[in-house]
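K.L.:
Got a structure for you, input.cif, holding mmCIF, C-alpha atoms (C1' of nucleotides).
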data_data
#
loop_
_atom_site.label_atom_id
_atom_site.label_comp_id
_atom_site.auth_asym_id
_atom_site.auth_seq_id
_atom_site.Cartn_x
_atom_site.Cartn_y
_atom_site.Cartn_z
CA MET D 639 6.40 -6.02 -16.01
CA MET D 640 7.30 -2.88 -14.12
CA LYS D 641 10.01 -0.46 -15.05
CA TYR D 642 13.03 -1.88 -13.34
CA LYS D 643 15.40 0.25 -15.33
CA GLU D 644 13.99 3.31 -13.63
CA LEU D 645 15.12 1.86 -10.33
CA GLY D 646 18.68 1.73 -11.60
CA LEU D 647 18.55 -2.03 -11.88
CA LYS D 648 20.44 -3.72 -14.68
CA LEU D 649 18.27 -6.09 -16.61
CA THR D 650 20.43 -9.15 -16.90
CA PRO D 651 19.04 -12.37 -18.36
CA GLN D 652 19.20 -13.92 -14.89
CA ARG D 653 17.10 -11.16 -13.42
CA LEU D 654 14.63 -11.31 -16.25
CA SER D 655 14.10 -15.00 -15.69
CA ILE D 656 13.65 -14.50 -11.96
CA LEU D 657 11.22 -11.68 -12.65
CA SER D 658 9.21 -13.76 -15.08
CA CYS D 659 9.13 -16.56 -12.54
CA LEU D 660 7.71 -14.16 -9.95
CA GLU D 661 5.27 -12.43 -12.31
CA GLY D 662 1.77 -13.34 -11.17
CA ASN D 663 3.15 -16.13 -8.99
CA ARG D 664 0.74 -16.99 -6.17
CA ASP D 665 2.74 -19.90 -4.81
CA HIS D 666 4.79 -17.96 -2.24
CA PRO D 667 8.01 -19.58 -3.37
CA THR D 668 11.20 -19.83 -1.35
CA ALA D 669 14.55 -18.80 -2.82
CA GLU D 670 15.24 -22.46 -3.40
CA ASP D 671 11.93 -22.91 -5.25
CA ILE D 672 12.81 -20.06 -7.58
CA TYR D 673 16.32 -21.36 -8.04
CA ARG D 674 15.07 -24.79 -9.04
CA LYS D 675 12.58 -23.38 -11.53
CA VAL D 676 14.94 -20.88 -13.09
CA SER D 677 17.86 -23.32 -13.23
CA LYS D 678 16.03 -25.48 -15.70
CA LYS D 679 16.11 -22.83 -18.40
CA PHE D 680 19.31 -21.33 -17.05
CA PRO D 681 21.72 -23.98 -15.81
CA THR D 682 24.47 -21.56 -14.75
CA MET D 683 22.19 -19.68 -12.39
CA SER D 684 23.60 -19.39 -8.91
CA LEU D 685 21.54 -19.62 -5.76
CA ALA D 686 23.41 -16.57 -4.46
CA THR D 687 22.15 -14.60 -7.43
CA VAL D 688 18.61 -15.58 -6.59
CA TYR D 689 19.05 -14.42 -3.00
CA ASN D 690 20.74 -11.22 -4.12
CA THR D 691 18.04 -10.43 -6.64
CA LEU D 692 15.22 -11.14 -4.22
CA GLU D 693 16.86 -8.93 -1.61
CA THR D 694 17.28 -6.16 -4.18
CA LEU D 695 13.66 -6.38 -5.24
CA LYS D 696 12.60 -6.28 -1.60
CA ARG D 697 14.72 -3.21 -0.95
CA HIS D 698 13.02 -1.48 -3.86
CA GLY D 699 9.59 -2.44 -2.61
CA LYS D 700 8.84 -4.69 -5.57
CA LEU D 701 8.55 -7.84 -3.52
CA ALA D 702 7.28 -8.81 -0.08
CA SER D 703 8.57 -11.52 2.16
CA ILE D 704 6.42 -13.69 4.33
CA THR D 705 7.29 -14.83 7.83
CA ILE D 706 4.84 -17.62 8.38
CA ASP D 707 6.87 -20.77 7.83
CA PRO D 708 9.30 -21.20 10.70
CA ASP D 709 11.73 -23.11 8.51
CA LYS D 710 12.33 -20.86 5.55
CA LYS D 711 11.49 -17.51 4.07
CA HIS D 712 8.84 -17.25 1.40
CA PHE D 713 8.45 -14.45 -1.12
CA ASP D 714 5.34 -12.84 -2.49
CA PRO D 715 5.20 -10.57 -5.54
CA ASN D 716 1.60 -9.76 -4.73
CA LEU D 717 1.79 -6.31 -3.17
CA GLU D 718 -1.91 -5.87 -2.57
CA LYS D 719 -2.90 -6.02 1.07
CA HIS D 720 -3.91 -9.56 1.85
CA HIS D 721 -3.49 -12.28 4.42
CA HIS D 722 -2.22 -15.83 4.45
CA LEU D 723 -3.42 -19.27 5.31
CA ILE D 724 -0.83 -21.98 5.89
CA CYS D 725 -1.39 -25.71 5.98
CA SER D 726 0.06 -27.06 9.21
CA SER D 727 0.75 -30.32 7.47
CA CYS D 728 2.30 -29.57 4.07
CA LYS D 729 3.12 -25.88 4.65
CA LYS D 730 1.30 -24.77 1.51
CA ILE D 731 0.38 -21.09 1.69
CA ALA D 732 -2.83 -19.65 0.27
CA ASP D 733 -3.99 -16.05 0.02
CA ILE D 734 -6.98 -14.59 1.78
CA HIS D 735 -8.24 -11.34 0.33
CA ILE D 736 -10.46 -10.10 3.09
CA ASP D 737 -10.19 -6.71 4.68
CA PHE D 738 -10.40 -7.11 8.44
CA ASP D 739 -10.83 -4.26 10.87
CA LEU D 740 -7.62 -4.39 12.86
CA ALA D 741 -7.71 -0.99 14.50
CA VAL D 742 -5.71 -0.87 17.71
CA PRO D 743 -6.88 1.71 20.23
CA ARG D 744 -4.11 4.12 21.14
CA GLU D 745 -3.99 2.92 24.74
CA ALA D 746 -3.11 -0.57 23.52
CA THR D 747 -0.20 0.39 21.27
CA GLN D 748 2.27 0.71 24.14
CA GLY D 749 3.89 3.67 22.44
CA PHE D 750 4.52 1.82 19.19
CA GLN D 751 3.85 3.62 15.95
CA ILE D 752 2.01 0.91 14.06
CA THR D 753 2.84 0.75 10.36
CA GLY D 754 1.17 -2.41 9.20
CA SER D 755 -0.54 -5.64 10.06
CA GLN D 756 -1.01 -9.10 8.74
CA VAL D 757 -3.23 -11.99 9.68
CA GLU D 758 -2.01 -15.56 9.55
CA PHE D 759 -4.48 -18.39 9.49
CA TYR D 760 -3.50 -21.94 10.29
CA GLY D 761 -5.33 -24.95 9.04
CA ILE D 762 -5.32 -28.09 6.97
CA CYS D 763 -5.51 -27.85 3.20
CA PRO D 764 -7.97 -29.91 1.16
CA GLU D 765 -5.28 -32.32 -0.07
CA CYS D 766 -3.96 -33.04 3.41
CA ARG D 767 -7.49 -33.47 4.76
CA LYS D 768 -8.11 -36.13 2.16
CA LYS D 769 -4.86 -37.92 2.91
CA SER D 770 -5.50 -38.05 6.64
CA GLY D 771 -9.11 -39.07 6.21
CA ARG D 772 -10.48 -35.58 6.99
CA MET U 1230 4.28 -23.80 38.11
CA MET U 1231 2.26 -26.49 36.43
CA LYS U 1232 2.52 -30.15 37.14
CA TYR U 1233 5.22 -31.32 34.79
CA LYS U 1234 5.59 -34.61 36.52
CA GLU U 1235 2.11 -35.53 35.42
CA LEU U 1236 3.28 -35.16 31.86
CA GLY U 1237 5.96 -37.75 32.47
CA LEU U 1238 8.67 -35.11 32.43
CA LYS U 1239 11.65 -35.52 34.70
CA LEU U 1240 12.31 -32.43 36.73
CA THR U 1241 16.03 -31.97 36.37
CA PRO U 1242 17.73 -28.86 37.74
CA GLN U 1243 18.33 -27.69 34.17
CA ARG U 1244 14.66 -27.94 33.34
CA LEU U 1245 13.64 -26.23 36.53
CA SER U 1246 15.88 -23.28 35.72
CA ILE U 1247 14.53 -23.05 32.18
CA LEU U 1248 11.01 -23.25 33.53
CA SER U 1249 11.62 -20.51 36.06
CA CYS U 1250 13.13 -18.39 33.32
CA LEU U 1251 9.97 -18.83 31.24
CA GLU U 1252 7.55 -18.37 34.14
CA GLY U 1253 5.66 -15.15 33.52
CA ASN U 1254 8.18 -14.11 30.88
CA ARG U 1255 6.68 -11.60 28.44
CA ASP U 1256 9.88 -10.99 26.47
CA HIS U 1257 9.37 -13.65 23.79
CA PRO U 1258 12.88 -14.96 24.23
CA THR U 1259 14.81 -17.00 21.69
CA ALA U 1260 16.55 -20.23 22.67
CA GLU U 1261 19.79 -18.27 22.78
CA ASP U 1262 18.25 -15.67 25.11
CA ILE U 1263 17.20 -18.39 27.51
CA TYR U 1264 20.55 -20.10 27.23
CA ARG U 1265 22.40 -16.90 28.12
CA LYS U 1266 20.19 -16.21 31.11
CA VAL U 1267 20.24 -19.73 32.48
CA SER U 1268 23.96 -20.20 31.87
CA LYS U 1269 24.79 -17.53 34.43
CA LYS U 1270 23.41 -19.59 37.29
CA PHE U 1271 24.19 -22.86 35.54
CA PRO U 1272 27.49 -22.72 33.66
CA THR U 1273 27.37 -26.30 32.40
CA MET U 1274 24.05 -25.78 30.64
CA SER U 1275 24.12 -26.81 27.00
CA LEU U 1276 22.31 -24.95 24.26
CA ALA U 1277 21.11 -28.30 22.94
CA THR U 1278 19.40 -28.94 26.26
CA VAL U 1279 17.61 -25.62 25.96
CA TYR U 1280 16.41 -26.50 22.47
CA ASN U 1281 15.41 -29.99 23.59
CA THR U 1282 13.51 -28.71 26.59
CA LEU U 1283 11.71 -26.02 24.62
CA GLU U 1284 10.72 -28.58 22.01
CA THR U 1285 9.46 -30.92 24.72
CA LEU U 1286 7.41 -28.18 26.33
CA LYS U 1287 5.97 -27.26 22.95
CA ARG U 1288 5.03 -30.85 22.25
CA HIS U 1289 3.17 -30.97 25.55
CA GLY U 1290 1.38 -27.73 24.79
CA LYS U 1291 3.04 -25.83 27.62
CA LEU U 1292 4.76 -23.34 25.36
CA ALA U 1293 4.01 -21.58 22.10
CA SER U 1294 6.43 -20.53 19.44
CA ILE U 1295 6.18 -17.36 17.46
CA THR U 1296 6.98 -17.00 13.78
CA ILE U 1297 7.26 -13.26 13.41
CA ASP U 1298 10.98 -12.60 13.33
CA PRO U 1299 12.39 -13.89 10.05
CA ASP U 1300 15.78 -14.52 11.63
CA LYS U 1301 15.06 -16.69 14.63
CA LYS U 1302 12.33 -18.46 16.52
CA HIS U 1303 10.88 -16.86 19.61
CA PHE U 1304 9.06 -18.63 22.41
CA ASP U 1305 6.08 -17.55 24.43
CA PRO U 1306 4.89 -19.17 27.66
CA ASN U 1307 1.74 -17.06 27.53
CA LEU U 1308 -0.90 -19.46 26.27
CA GLU U 1309 -3.80 -17.03 26.30
CA LYS U 1310 -4.98 -16.00 22.87
CA HIS U 1311 -3.23 -12.79 21.95
CA HIS U 1312 -1.42 -11.07 19.12
CA HIS U 1313 1.99 -9.56 18.59
CA LEU U 1314 3.53 -6.28 17.66
CA ILE U 1315 7.11 -6.29 16.41
CA CYS U 1316 9.44 -3.34 16.10
CA SER U 1317 10.80 -3.25 12.56
CA SER U 1318 13.94 -1.66 13.86
CA CYS U 1319 15.03 -3.52 17.01
CA LYS U 1320 12.78 -6.59 16.62
CA LYS U 1321 11.33 -6.23 20.10
CA ILE U 1322 8.02 -8.06 20.41
CA ALA U 1323 5.09 -6.79 22.47
CA ASP U 1324 1.76 -8.42 23.22
CA ILE U 1325 -1.61 -7.14 22.11
CA HIS U 1326 -4.55 -8.53 24.01
CA ILE U 1327 -7.41 -7.59 21.77
CA ASP U 1328 -9.99 -10.01 20.45
CA PHE U 1329 -10.49 -9.32 16.75
CA ASP U 1330 -13.27 -10.77 14.66
CA LEU U 1331 -11.40 -12.86 12.12
CA ALA U 1332 -14.22 -14.98 10.77
CA VAL U 1333 -13.52 -16.24 7.27
CA PRO U 1334 -16.61 -16.95 5.18
CA ARG U 1335 -16.67 -20.53 3.97
CA GLU U 1336 -16.33 -19.52 0.33
CA ALA U 1337 -13.00 -17.84 1.12
CA THR U 1338 -11.39 -20.80 2.87
CA GLN U 1339 -10.47 -22.59 -0.35
CA GLY U 1340 -11.27 -25.91 1.24
CA PHE U 1341 -8.94 -25.40 4.17
CA GLN U 1342 -10.13 -26.41 7.60
CA ILE U 1343 -9.06 -23.38 9.60
CA THR U 1344 -7.76 -24.18 13.06
CA GLY U 1345 -6.35 -20.91 14.29
CA SER U 1346 -5.29 -17.39 13.53
CA GLN U 1347 -2.86 -14.77 14.66
CA VAL U 1348 -2.40 -11.11 13.91
CA GLU U 1349 1.02 -9.55 13.55
CA PHE U 1350 1.44 -5.84 13.81
CA TYR U 1351 4.53 -4.08 12.55
CA GLY U 1352 5.73 -0.76 13.84
CA ILE U 1353 8.39 1.22 15.60
CA CYS U 1354 8.77 0.93 19.34
CA PRO U 1355 9.00 4.00 21.60
CA GLU U 1356 12.76 3.60 22.13
CA CYS U 1357 13.52 3.36 18.41
CA ARG U 1358 11.25 6.32 17.68
CA LYS U 1359 13.24 8.42 20.12
CA LYS U 1360 16.56 7.30 18.65
CA SER U 1361 15.56 8.10 15.09
CA GLY U 1362 13.95 11.42 16.04
CA ARG U 1363 10.40 10.04 15.75
"C1'" DG Q 547 17.81 -50.42 37.61
"C1'" DT Q 548 15.90 -48.24 33.70
"C1'" DA Q 549 14.38 -44.95 30.95
"C1'" DC Q 550 15.11 -40.47 30.03
"C1'" DG Q 551 17.91 -36.08 30.16
"C1'" DT Q 552 22.38 -33.85 29.54
"C1'" DG Q 553 26.36 -32.12 27.21
"C1'" DC Q 554 29.51 -32.14 23.70
"C1'" DA Q 555 30.52 -32.21 19.04
"C1'" DA Q 556 29.19 -32.77 14.58
"C1'" DA Q 557 25.95 -32.32 11.00
"C1'" DG Q 558 22.08 -30.09 8.49
"C1'" DG Q 559 19.73 -26.45 6.33
"C1'" DT Q 560 19.13 -21.71 5.09
"C1'" DT Q 561 21.01 -17.38 4.05
"C1'" DT Q 562 24.95 -14.19 3.56
"C1'" DT Q 563 29.43 -12.69 2.07
"C1'" DG Q 564 34.09 -12.18 -0.37
"C1'" DC Q 565 36.07 -11.93 -4.51
"C1'" DA Q 566 37.50 -12.59 -9.21
"C1'" DT Q 567 35.17 -12.56 -13.62
"C1'" DT Q 568 31.68 -11.00 -16.72
"C1'" DA Q 569 28.36 -8.06 -18.90
"C1'" DC Q 570 24.95 -4.40 -18.93
"C1'" DA Q 571 24.41 0.42 -20.01
"C1'" DT K 1435 34.66 2.06 -19.99
"C1'" DG K 1436 32.89 1.96 -15.49
"C1'" DT K 1437 29.83 0.19 -12.47
"C1'" DA K 1438 27.12 -3.32 -11.00
"C1'" DA K 1439 25.74 -8.29 -11.34
"C1'" DT K 1440 27.18 -13.10 -11.53
"C1'" DG K 1441 28.90 -17.41 -9.84
"C1'" DC K 1442 31.54 -20.07 -7.01
"C1'" DA K 1443 33.07 -21.24 -2.62
"C1'" DA K 1444 33.33 -20.42 1.98
"C1'" DA K 1445 31.42 -18.66 6.02
"C1'" DA K 1446 27.85 -17.48 9.23
"C1'" DC K 1447 23.80 -18.61 11.62
"C1'" DC K 1448 20.25 -21.17 13.74
"C1'" DT K 1449 18.65 -25.59 14.86
"C1'" DT K 1450 18.83 -30.62 15.09
"C1'" DT K 1451 20.94 -35.02 15.95
"C1'" DG K 1452 24.10 -38.96 17.61
"C1'" DC K 1453 26.04 -40.81 21.28
"C1'" DA K 1454 28.35 -41.70 25.72
"C1'" DC K 1455 27.57 -40.50 30.29
"C1'" DG K 1456 24.82 -39.19 34.19
"C1'" DT K 1457 20.69 -38.82 36.96
"C1'" DA K 1458 15.64 -38.58 38.37
"C1'" DC K 1459 12.31 -41.64 39.59
#
With the file now loaded, output its structure as structure tokens.
P.N.:
Amino acid sequence: MMKYKELGLKLTPQRLSILSCLEGNRDHPTAEDIYRKVSKKFPTMSLATVYNTLETLKRHGKLASITIDPDKKHFDPNLEKHHHLICSSCKKIADIHIDFDLAVPREATQGFQITGSQVEFYGICPECRKKSGR
Amino acid sequence: MMKYKELGLKLTPQRLSILSCLEGNRDHPTAEDIYRKVSKKFPTMSLATVYNTLETLKRHGKLASITIDPDKKHFDPNLEKHHHLICSSCKKIADIHIDFDLAVPREATQGFQITGSQVEFYGICPECRKKSGR
DNA sequence: GTACGTGCAAAGGTTTTGCATTACA
DNA sequence: TGTAATGCAAAACCTTTGCACGTAC
């Protein structure tokens, strides 16, 4: 676990449980997902605390958020550059660790200063393919 | 304008005004944006009608929706394959018409059947760069 | 005439906020 | 002890839905 104290963050039990839930998590959970998981061991946990903590982590660059599901925000503790693949049917999100060449020629930037990029792939996951008969 | 009648869609005045608002629109408007614009000429227009119409157009493949702004859905009548560039500051969305090679080797698909892809670029638009002193 | 669209209001779902209480440091 | 986090409830948004009425075809 990283040094959260150095960021001026107080290490409350609630935060520790949220952090341990995020640690190595590759499921791209929503706030609600994290709340459900953490509530089991920590029945007094408030959903607002989850949102607050996630927002704080984001502000400190310890957490990324993913805008790929139109219905809710997903979070991703994996800070390595990577891309996502979402199942159009069940909305499951998988990682794709491929480094694409996404250079944009200056004349196509329309004056924007480009700071980052992200590829989203859409598809059908193995489970949903089975269910629908491929 | 395309043949909406052939799709079994009734051409009401409300729909015609929404359609004309979308025609050639490269602003990636939200439902609210469209509602505001159309309401001026059509004060009785309901926001629900805008949502319903947009959903209907989407279902018939006449309109795409964009999941790039975490706060609200944007719509795009431009059905050509293209990518987007969003200003992290003002959330303005611009188009990028570049054809990237986004082939994913089979062993990286994790069993997904990939049906599409989309690149999102993040940056700062010219106006926001000026405001913040570059 | 009938099926579909409209408009209003209400509901649903996600995320944020205000505020008193609690607890880390 | 002082500052920041928690937890609850309420509010703020965006989006969807139910239903009575109206209208395109």
K.L.:
Counting all atoms listed in the file, which residues of chain U sit at most 8 Å from some atom of chain Q, and what is each one's closest atom pair with its distance in Å to one decimal, listed by chain and rising residue number, as a Markdown table?
P.N.:
| residue | atom | partner | partner_atom | distance |
| --- | --- | --- | --- | --- |
| U:Lys1239 | CA | Q:DC550 | C1' | 7.6 |
| U:Thr1241 | CA | Q:DG551 | C1' | 7.7 |
| U:Thr1273 | CA | Q:DG553 | C1' | 7.9 |
| U:Met1274 | CA | Q:DG553 | C1' | 7.6 |
| U:Ser1275 | CA | Q:DG553 | C1' | 5.8 |
| U:Ala1277 | CA | Q:DG553 | C1' | 7.8 |
| U:Thr1278 | CA | Q:DT552 | C1' | 6.6 |
K.L.:
Do me a favour and pick out the residues of chain K within 9 Å of chain D, using all atoms listed in the file, as a ChimeraX atom specification.
P.N.:
/K:1438-1442
K.L.:
One decimal, Å: what's the distance from atom CA of Lys675 of chain D over to atom CA of Phe1341 of chain U, could you say?
P.N.:
26.7 Å
K.L.:
Mind running chain D against chain U at 9 Å and telling me each contacting residue's nearest atom pair with the distance in Å (one decimal), counting all atoms listed in the file, chain and number ascending, as a Markdown table?
P.N.:
| residue | atom | partner | partner_atom | distance |
| --- | --- | --- | --- | --- |
| D:Ile704 | CA | U:Pro1299 | CA | 8.3 |
| D:Thr705 | CA | U:Pro1299 | CA | 5.6 |
| D:Ile706 | CA | U:Thr1296 | CA | 5.8 |
| D:Asp707 | CA | U:Thr1296 | CA | 7.0 |
| D:Pro708 | CA | U:Thr1296 | CA | 5.7 |
| D:Lys710 | CA | U:Pro1299 | CA | 8.3 |
| D:Lys711 | CA | U:Pro1299 | CA | 7.0 |
| D:Leu723 | CA | U:Ile1343 | CA | 8.2 |
| D:Ile724 | CA | U:Phe1341 | CA | 9.0 |
| D:Cys725 | CA | U:Phe1341 | CA | 7.8 |
| D:Ala732 | CA | U:Gln1339 | CA | 8.2 |
| D:Ile734 | CA | U:Ala1337 | CA | 6.9 |
| D:His735 | CA | U:Ala1337 | CA | 8.1 |
| D:Ile736 | CA | U:Val1333 | CA | 8.0 |
| D:Phe738 | CA | U:Leu1331 | CA | 6.9 |
| D:Asp739 | CA | U:Phe1329 | CA | 7.8 |
| D:Leu740 | CA | U:Phe1329 | CA | 6.9 |
| D:Val742 | CA | U:Ile1327 | CA | 8.0 |
| D:Ala746 | CA | U:Ile1325 | CA | 6.9 |
| D:Thr747 | CA | U:Ile1325 | CA | 7.7 |
| D:Gln748 | CA | U:Pro1355 | CA | 7.9 |
| D:Gly749 | CA | U:Pro1355 | CA | 5.2 |
| D:Phe750 | CA | U:Cys1354 | CA | 4.3 |
| D:Gln751 | CA | U:Ile1353 | CA | 5.1 |
| D:Ile752 | CA | U:Gly1352 | CA | 4.1 |
| D:Thr753 | CA | U:Gly1352 | CA | 4.8 |
| D:Gly754 | CA | U:Tyr1351 | CA | 5.0 |
| D:Ser755 | CA | U:Phe1350 | CA | 4.2 |
| D:Gln756 | CA | U:Glu1349 | CA | 5.2 |
| D:Val757 | CA | U:Val1348 | CA | 4.4 |
| D:Glu758 | CA | U:Gln1347 | CA | 5.2 |
| D:Phe759 | CA | U:Ser1346 | CA | 4.2 |
| D:Tyr760 | CA | U:Gly1345 | CA | 5.0 |
| D:Gly761 | CA | U:Ile1343 | CA | 4.1 |
| D:Ile762 | CA | U:Gln1342 | CA | 5.1 |
| D:Cys763 | CA | U:Phe1341 | CA | 4.3 |
| D:Pro764 | CA | U:Gly1340 | CA | 5.2 |
| D:Glu765 | CA | U:Gly1340 | CA | 8.9 |
| D:Arg767 | CA | U:Gln1342 | CA | 8.1 |
K.L.:
If you measure from atom CA of Asp665 of chain D to atom CA of Ile731 of chain D, what distance in Å do you get, rounded to one decimal?
P.N.:
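Here the two named atoms are 7.0 Å from each other.
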K.L.:
Expanded to explicit residues, what is the PyMOL selection byres ((chain D and resi 655) around 12) for this file, as a list in words?
P.N.:
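This file, filtered by the PyMOL selection byres ((chain D and resi 655) around 12), leaves Met639, Leu649, Thr650, Pro651, Gln652, Arg653, Leu654, Ile656, Leu657, Ser658, Cys659, Leu660, Glu661, Ile672, Tyr673, Arg674, Lys675, Val676, Ser677, Lys678, Lys679, Phe680, Pro681, Met683, Thr687, Val688 and Thr691 of chain D.
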K.L.:
Measure the distance from atom CA of Gly1253 of chain U to atom CA of Leu1308 of chain U in Å and round it to one decimal.
P.N.:
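Between atom CA of Gly1253 of chain U and atom CA of Leu1308 of chain U the gap works out to 10.7 Å.
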K.L.:
Write a file for segment 1283-1355 of chain U, containing C-alpha atoms (output as a PDB file, in the first residue's frame).
P.N.:
ATOM      1  CA  LEU U1283     -33.480  10.751 -29.026  1.00  0.00           C
ATOM      2  CA  GLU U1284     -33.954   7.233 -27.711  1.00  0.00           C
ATOM      3  CA  THR U1285     -36.133   6.361 -30.695  1.00  0.00           C
ATOM      4  CA  LEU U1286     -33.573   7.715 -33.134  1.00  0.00           C
ATOM      5  CA  LYS U1287     -30.855   5.763 -31.379  1.00  0.00           C
ATOM      6  CA  ARG U1288     -32.872   2.573 -31.551  1.00  0.00           C
ATOM      7  CA  HIS U1289     -33.251   3.063 -35.287  1.00  0.00           C
ATOM      8  CA  GLY U1290     -29.547   3.699 -35.708  1.00  0.00           C
ATOM      9  CA  LYS U1291     -30.011   7.306 -36.795  1.00  0.00           C
ATOM     10  CA  LEU U1292     -28.127   8.762 -33.863  1.00  0.00           C
ATOM     11  CA  ALA U1293     -25.150   7.808 -31.734  1.00  0.00           C
ATOM     12  CA  SER U1294     -24.584   8.556 -28.102  1.00  0.00           C
ATOM     13  CA  ILE U1295     -21.263   9.443 -26.603  1.00  0.00           C
ATOM     14  CA  THR U1296     -20.007   8.290 -23.228  1.00  0.00           C
ATOM     15  CA  ILE U1297     -17.132  10.645 -22.627  1.00  0.00           C
ATOM     16  CA  ASP U1298     -18.508  13.213 -20.207  1.00  0.00           C
ATOM     17  CA  PRO U1299     -18.984  11.561 -16.814  1.00  0.00           C
ATOM     18  CA  ASP U1300     -21.810  13.935 -15.945  1.00  0.00           C
ATOM     19  CA  LYS U1301     -24.245  13.637 -18.808  1.00  0.00           C
ATOM     20  CA  LYS U1302     -24.920  11.865 -22.057  1.00  0.00           C
ATOM     21  CA  HIS U1303     -24.109  13.584 -25.313  1.00  0.00           C
ATOM     22  CA  PHE U1304     -25.590  12.799 -28.700  1.00  0.00           C
ATOM     23  CA  ASP U1305     -23.994  12.753 -32.095  1.00  0.00           C
ATOM     24  CA  PRO U1306     -25.841  12.648 -35.418  1.00  0.00           C
ATOM     25  CA  ASN U1307     -22.550  12.086 -37.213  1.00  0.00           C
ATOM     26  CA  LEU U1308     -22.568   8.381 -37.977  1.00  0.00           C
ATOM     27  CA  GLU U1309     -19.216   8.253 -39.730  1.00  0.00           C
ATOM     28  CA  LYS U1310     -16.520   6.492 -37.763  1.00  0.00           C
ATOM     29  CA  HIS U1311     -14.602   9.099 -35.830  1.00  0.00           C
ATOM     30  CA  HIS U1312     -13.141   9.829 -32.433  1.00  0.00           C
ATOM     31  CA  HIS U1313     -13.529  12.528 -29.823  1.00  0.00           C
ATOM     32  CA  LEU U1314     -11.446  15.049 -28.009  1.00  0.00           C
ATOM     33  CA  ILE U1315     -12.821  16.509 -24.792  1.00  0.00           C
ATOM     34  CA  CYS U1316     -11.633  19.592 -22.981  1.00  0.00           C
ATOM     35  CA  SER U1317     -10.924  18.676 -19.375  1.00  0.00           C
ATOM     36  CA  SER U1318     -11.803  22.176 -18.359  1.00  0.00           C
ATOM     37  CA  CYS U1319     -14.988  23.211 -20.195  1.00  0.00           C
ATOM     38  CA  LYS U1320     -16.047  19.741 -21.417  1.00  0.00           C
ATOM     39  CA  LYS U1321     -16.339  20.873 -25.015  1.00  0.00           C
ATOM     40  CA  ILE U1322     -16.163  17.924 -27.400  1.00  0.00           C
ATOM     41  CA  ALA U1323     -14.457  18.053 -30.796  1.00  0.00           C
ATOM     42  CA  ASP U1324     -14.282  15.437 -33.534  1.00  0.00           C
ATOM     43  CA  ILE U1325     -11.145  13.726 -34.732  1.00  0.00           C
ATOM     44  CA  HIS U1326     -11.421  12.068 -38.105  1.00  0.00           C
ATOM     45  CA  ILE U1327      -8.380   9.873 -38.125  1.00  0.00           C
ATOM     46  CA  ASP U1328      -8.413   6.163 -38.793  1.00  0.00           C
ATOM     47  CA  PHE U1329      -6.232   4.449 -36.204  1.00  0.00           C
ATOM     48  CA  ASP U1330      -5.131   0.856 -36.377  1.00  0.00           C
ATOM     49  CA  LEU U1331      -6.736  -0.658 -33.309  1.00  0.00           C
ATOM     50  CA  ALA U1332      -6.407  -4.335 -34.097  1.00  0.00           C
ATOM     51  CA  VAL U1333      -6.419  -6.487 -30.986  1.00  0.00           C
ATOM     52  CA  PRO U1334      -4.587  -9.797 -31.323  1.00  0.00           C
ATOM     53  CA  ARG U1335      -6.853 -12.719 -30.552  1.00  0.00           C
ATOM     54  CA  GLU U1336      -4.875 -13.697 -27.468  1.00  0.00           C
ATOM     55  CA  ALA U1337      -5.594 -10.291 -25.934  1.00  0.00           C
ATOM     56  CA  THR U1338      -9.359 -10.350 -26.392  1.00  0.00           C
ATOM     57  CA  GLN U1339      -9.993 -12.575 -23.379  1.00  0.00           C
ATOM     58  CA  GLY U1340     -12.744 -14.361 -25.239  1.00  0.00           C
ATOM     59  CA  PHE U1341     -14.649 -11.198 -26.045  1.00  0.00           C
ATOM     60  CA  GLN U1342     -16.113 -10.821 -29.492  1.00  0.00           C
ATOM     61  CA  ILE U1343     -15.088  -7.255 -30.270  1.00  0.00           C
ATOM     62  CA  THR U1344     -17.680  -5.271 -32.181  1.00  0.00           C
ATOM     63  CA  GLY U1345     -16.352  -1.741 -32.126  1.00  0.00           C
ATOM     64  CA  SER U1346     -13.904   0.733 -30.743  1.00  0.00           C
ATOM     65  CA  GLN U1347     -13.566   4.393 -29.998  1.00  0.00           C
ATOM     66  CA  VAL U1348     -10.698   6.620 -28.995  1.00  0.00           C
ATOM     67  CA  GLU U1349     -11.125   9.435 -26.510  1.00  0.00           C
ATOM     68  CA  PHE U1350      -8.573  12.175 -26.309  1.00  0.00           C
ATOM     69  CA  TYR U1351      -8.339  14.472 -23.329  1.00  0.00           C
ATOM     70  CA  GLY U1352      -6.887  17.932 -23.460  1.00  0.00           C
ATOM     71  CA  ILE U1353      -7.394  21.636 -23.079  1.00  0.00           C
ATOM     72  CA  CYS U1354      -9.219  23.549 -25.765  1.00  0.00           C
ATOM     73  CA  PRO U1355      -7.834  26.768 -27.268  1.00  0.00           C
TER      74      PRO U1355
END
